[in-house]
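Peer 1: One structure, pasted below without further comment.
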Amino acid sequence: MSARFRRTSPRGASSRAISVWLIALLVAIVATVQIRSQAEVERSFAGADTASLAFLIDSLHRSNDSLQAETADLTQRQATLQSGGDTAADQVLTDEANRLRAAEGLVPVHGPGVVLVVDATGLQALDLEDALNNLAAGGAEALGVNDRRFVVGVPVDQTSEAVTVGGVAVPTPWTISAIGDANRLAQAADLMTQLMRADRRVRQATYRVEADVVIRAVVTERPFVYGVS
Amino acid sequence: MRIDAMSQRRVVSILVVAMVALATGFLVAGQIKVQLLTPSNQVARYQALVRSVQELEATNADSRQKIAALRSQIDTLEAAAAARSAATQTLQNQVADLRAHAGLTRLHGPGVEVDLADGVAGTDTGGEAGYLVNFKDVQDLVNLLFAHGAEGIAVSGRRVTPLSAFAGSGSQVIIDQGPPVTAPIKVVAVGDRLRMEAALSDPSALPDIRAREVQFQLGITFSGGPDLALPAYDSSLDIRHVGTL
């Protein structure tokens with residue numbers, strides 16, 4: 001039996017062993033790299049997917065542009081106050097008051113924007129809140145529904161008969177007016193009306209871009225009862 | 001002759017084995033390349049996106065700090081001008097009131113604190129991550145509180161204004177121009193504490209959150225407080241396209 005086994009020299013045996021070790025090492029390296037690579041992907045994607053990150057980057061870019069514009073505006077206001085006398089201060093304060101009244105919906109406003117018309121049966125207050133929020137997120141700086149002004153804080157409620165804005169019924173069809181960057185608003189309105197048309201309750205959902213949308217309705221000022229500045 | 005034929009067969013068989021081994025090697029190498037490069041490219045792309053987000057968030061935080069500082073300096077300058085003139089003082093009082101209602105100044109008073117927390121991932125998610133708190137939950141909660149007596153609201157330290165908008169993707173909640181916030185989210189509202197507590201206790205309010213509270217153990221808890229504080233809004237109140245009539 002022993003004659004059937006070939007005798008191998010110690011040198012040949014060691015070179016075979018080295019070969020086996022090298023192959024094992026290579027396999028181990030490849031396997032490790034593969035496993036680590038997969039694990040890294042899984043760990044990285046545990047937080048958010050790339051689509052979410054892309055959305056976030058777009059949003060942050062726009063936000064930062066807006067913040068820089070506000071910084072520039074405030075810097076200019078500060079310089080005016082520093083350089084001018086009481087007249088300059090009065091002008092800065094008057095401009096600020098007008099700006100805030102418009103932002104809070106206390107005065108009639110106009111400007112470029114979009115007008116959406118939504119005719120439907122069975123839409124709820126939540127649907128209107130979503131539509132108004134989508135337009136606000138799409139760049140609306142002033143909003144109105146039928147003949148009611150909307151800003152955040154104005155309650156949108158559901159009664160048995162209709163949706164109310166600030167306690168007043170706004171029966172369909174809803175004419176939603178939004179003032180702001182017309183291009184951005186048109187994109188938001190386009191997407192919104194597409195989604196609305198896919199809703200069985202909606203008979204009609206259209207929008208038009210206008211160079212001068214007018215919102216005459218105003219919000220009644222409510223003094224603080226509980227809050228203290 | 002027999003030896004020649006045998007050695008020829010051996011050579012052929014060695015060549016065949018070598019060819020098969022070569023082909024297998026190419027196939028294995030190709031497969032490894034595909035398997036390794038794809039994940040590593042994904043990681044690199046993902047890391048680049050994350051770096052971009054981090055840089056943009058740092059710029060965002062820096063800008064908001066600058067805005068807060070500038071508003072404070074402007075307040076001081078306006079107060080100095082108001083001290084010299086009664087007319088300016090009247091104007092400054094009007095602006096102070098408008099700023100308070102716009103959320104540009106701090107506010108405190110009685111109110112409620114509401115905590116929203118992610119639930120547990122279920123098997124039947126219907127394609128949506130229903131166990132995660134999303135921007136619509138925050139939007140619904142803020143609307144409910146304003147409809148029931150809130151005079152001012154902050155979401156995870158970000159003050160809500162008359163022009164605020166809620167957006168987001170997945171579990172990210174973006175409020176106006178701030179960086180995203182994720183659960184756990186704390187909503188603090190100052191105003192009519194009893195009305196707000198009653199609204200939050202109403203089982204028919206916030207139907208979507210209530211349903212997911214049962215299905216995914218989404219967390220919503222609240223408590224009232226006698227004196228809660230809200231920070232001032234620190235971003236842009238942008239109405240550059242709006243003109244008054």
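Letters A, B, ... go to the chains of the structure tokens in the order shown; residues in each chain start at 1; ligands are counted from 1 in the same order.
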Extract, using only C-alpha atoms, all DNA, RNA and protein residues at most 9 Å from segment 195-204 of chain A, discarding same-chain residues fewer than 6 positions from it, and format them as a list in words.

Peer 2: Val117, Val118, Asp119, Ala120, Thr121, Gly122, Leu123 and Pro173 of chain A

Peer 1: Just to be explicit: take each residue in the selection above, keep N, CA and C atoms, and write the result as a PDB file, in the first residue's frame.

Peer 2:
ATOM      1  N   VAL A 117     -58.920  76.124  -9.121  1.00  0.00           N
ATOM      2  CA  VAL A 117     -60.366  75.924  -8.956  1.00  0.00           C
ATOM      3  C   VAL A 117     -60.591  74.426  -8.765  1.00  0.00           C
ATOM      4  N   VAL A 118     -61.189  74.088  -7.641  1.00  0.00           N
ATOM      5  CA  VAL A 118     -61.425  72.675  -7.313  1.00  0.00           C
ATOM      6  C   VAL A 118     -62.913  72.477  -7.069  1.00  0.00           C
ATOM      7  N   ASP A 119     -63.532  71.669  -7.911  1.00  0.00           N
ATOM      8  CA  ASP A 119     -64.944  71.365  -7.718  1.00  0.00           C
ATOM      9  C   ASP A 119     -65.045  69.886  -7.361  1.00  0.00           C
ATOM     10  N   ALA A 120     -65.683  69.620  -6.245  1.00  0.00           N
ATOM     11  CA  ALA A 120     -65.705  68.237  -5.762  1.00  0.00           C
ATOM     12  C   ALA A 120     -66.868  68.031  -4.809  1.00  0.00           C
ATOM     13  N   THR A 121     -67.130  66.785  -4.540  1.00  0.00           N
ATOM     14  CA  THR A 121     -68.142  66.438  -3.536  1.00  0.00           C
ATOM     15  C   THR A 121     -67.461  65.614  -2.455  1.00  0.00           C
ATOM     16  N   GLY A 122     -67.692  66.017  -1.224  1.00  0.00           N
ATOM     17  CA  GLY A 122     -67.192  65.204  -0.116  1.00  0.00           C
ATOM     18  C   GLY A 122     -65.783  65.512   0.338  1.00  0.00           C
ATOM     19  N   LEU A 123     -65.193  66.589  -0.173  1.00  0.00           N
ATOM     20  CA  LEU A 123     -63.859  66.943   0.334  1.00  0.00           C
ATOM     21  C   LEU A 123     -63.998  67.465   1.763  1.00  0.00           C
ATOM     22  N   PRO A 173     -67.501  74.965  -5.438  1.00  0.00           N
ATOM     23  CA  PRO A 173     -66.091  74.875  -5.822  1.00  0.00           C
ATOM     24  C   PRO A 173     -65.208  75.857  -5.040  1.00  0.00           C
TER      25      PRO A 173
END

Peer 1: Among segment 124-153 of chain A, which ones does DSSP place in strand (DSSP E), written as a PyMOL selection string?

Peer 2: chain A and resi 140-145+148-150

Peer 1: Keeping only N, CA and C atoms, write those residues as a short mmCIF file (atom, residue, chain, number, x, y, z; two decimals), in the first residue's frame.

Peer 2:
data_model
loop_
_atom_site.label_atom_id
_atom_site.label_comp_id
_atom_site.auth_asym_id
_atom_site.auth_seq_id
_atom_site.Cartn_x
_atom_site.Cartn_y
_atom_site.Cartn_z
N ALA A 140 -46.09 79.95 -1.57
CA ALA A 140 -47.16 80.95 -1.42
C ALA A 140 -46.84 81.89 -0.26
N GLU A 141 -46.99 83.18 -0.52
CA GLU A 141 -46.72 84.20 0.50
C GLU A 141 -48.02 84.80 1.01
N ALA A 142 -49.12 84.55 0.30
CA ALA A 142 -50.45 84.96 0.75
C ALA A 142 -51.45 84.00 0.12
N LEU A 143 -52.49 83.64 0.91
CA LEU A 143 -53.45 82.63 0.43
C LEU A 143 -54.88 83.07 0.72
N GLY A 144 -55.77 82.72 -0.18
CA GLY A 144 -57.19 82.97 0.04
C GLY A 144 -58.00 81.82 -0.51
N VAL A 145 -59.12 81.50 0.14
CA VAL A 145 -60.04 80.46 -0.34
C VAL A 145 -61.40 81.11 -0.48
N ARG A 148 -62.26 84.08 1.65
CA ARG A 148 -61.67 84.05 2.99
C ARG A 148 -60.15 84.08 2.89
N ARG A 149 -59.52 84.84 3.75
CA ARG A 149 -58.06 84.88 3.82
C ARG A 149 -57.57 83.74 4.71
N PHE A 150 -56.45 83.15 4.33
CA PHE A 150 -55.89 82.09 5.17
C PHE A 150 -54.45 82.38 5.51
#

Peer 1: Pick out the chain B residues within 6 Å of chain A. Count only C-alpha atoms. Give them as a list in words.

Peer 2: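 Going by the stated atoms only, the list reads Val43, Val53, Asn60, Ile67, Ile74, Ala81, Thr88, Val95, Arg106, Leu107, His108, Gly109, Phe146, Ala147, Pro162, Ala165, Ser169, Gln177, Gly191, Ser236, Ile239, His241, Val242, Gly243, Thr244 and Leu245 of chain B.
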
Peer 1: Pick out the residues sitting within 12 Å of Gln217 of chain B, and hand them over as a list in words; count only C-alpha atoms, and ignore anything fewer than 5 positions along from it in its own chain.

Peer 2: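 Residues near the query, excluding close chain neighbours: Leu116, Ala117, Asp118, Gly119, Val120, Ala121, Gly122, Gly130, Tyr131, Leu132, Val133, Ile209, Arg210, Ala211 and Arg212 of chain B.
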
Peer 1: Quick one: pick out all alpha helix (DSSP H) residues within segment 78-156 of chain A from a backbone DSSP run and write them as a ChimeraX atom specification.

Peer 2: /A:78-83,86-103,125-137
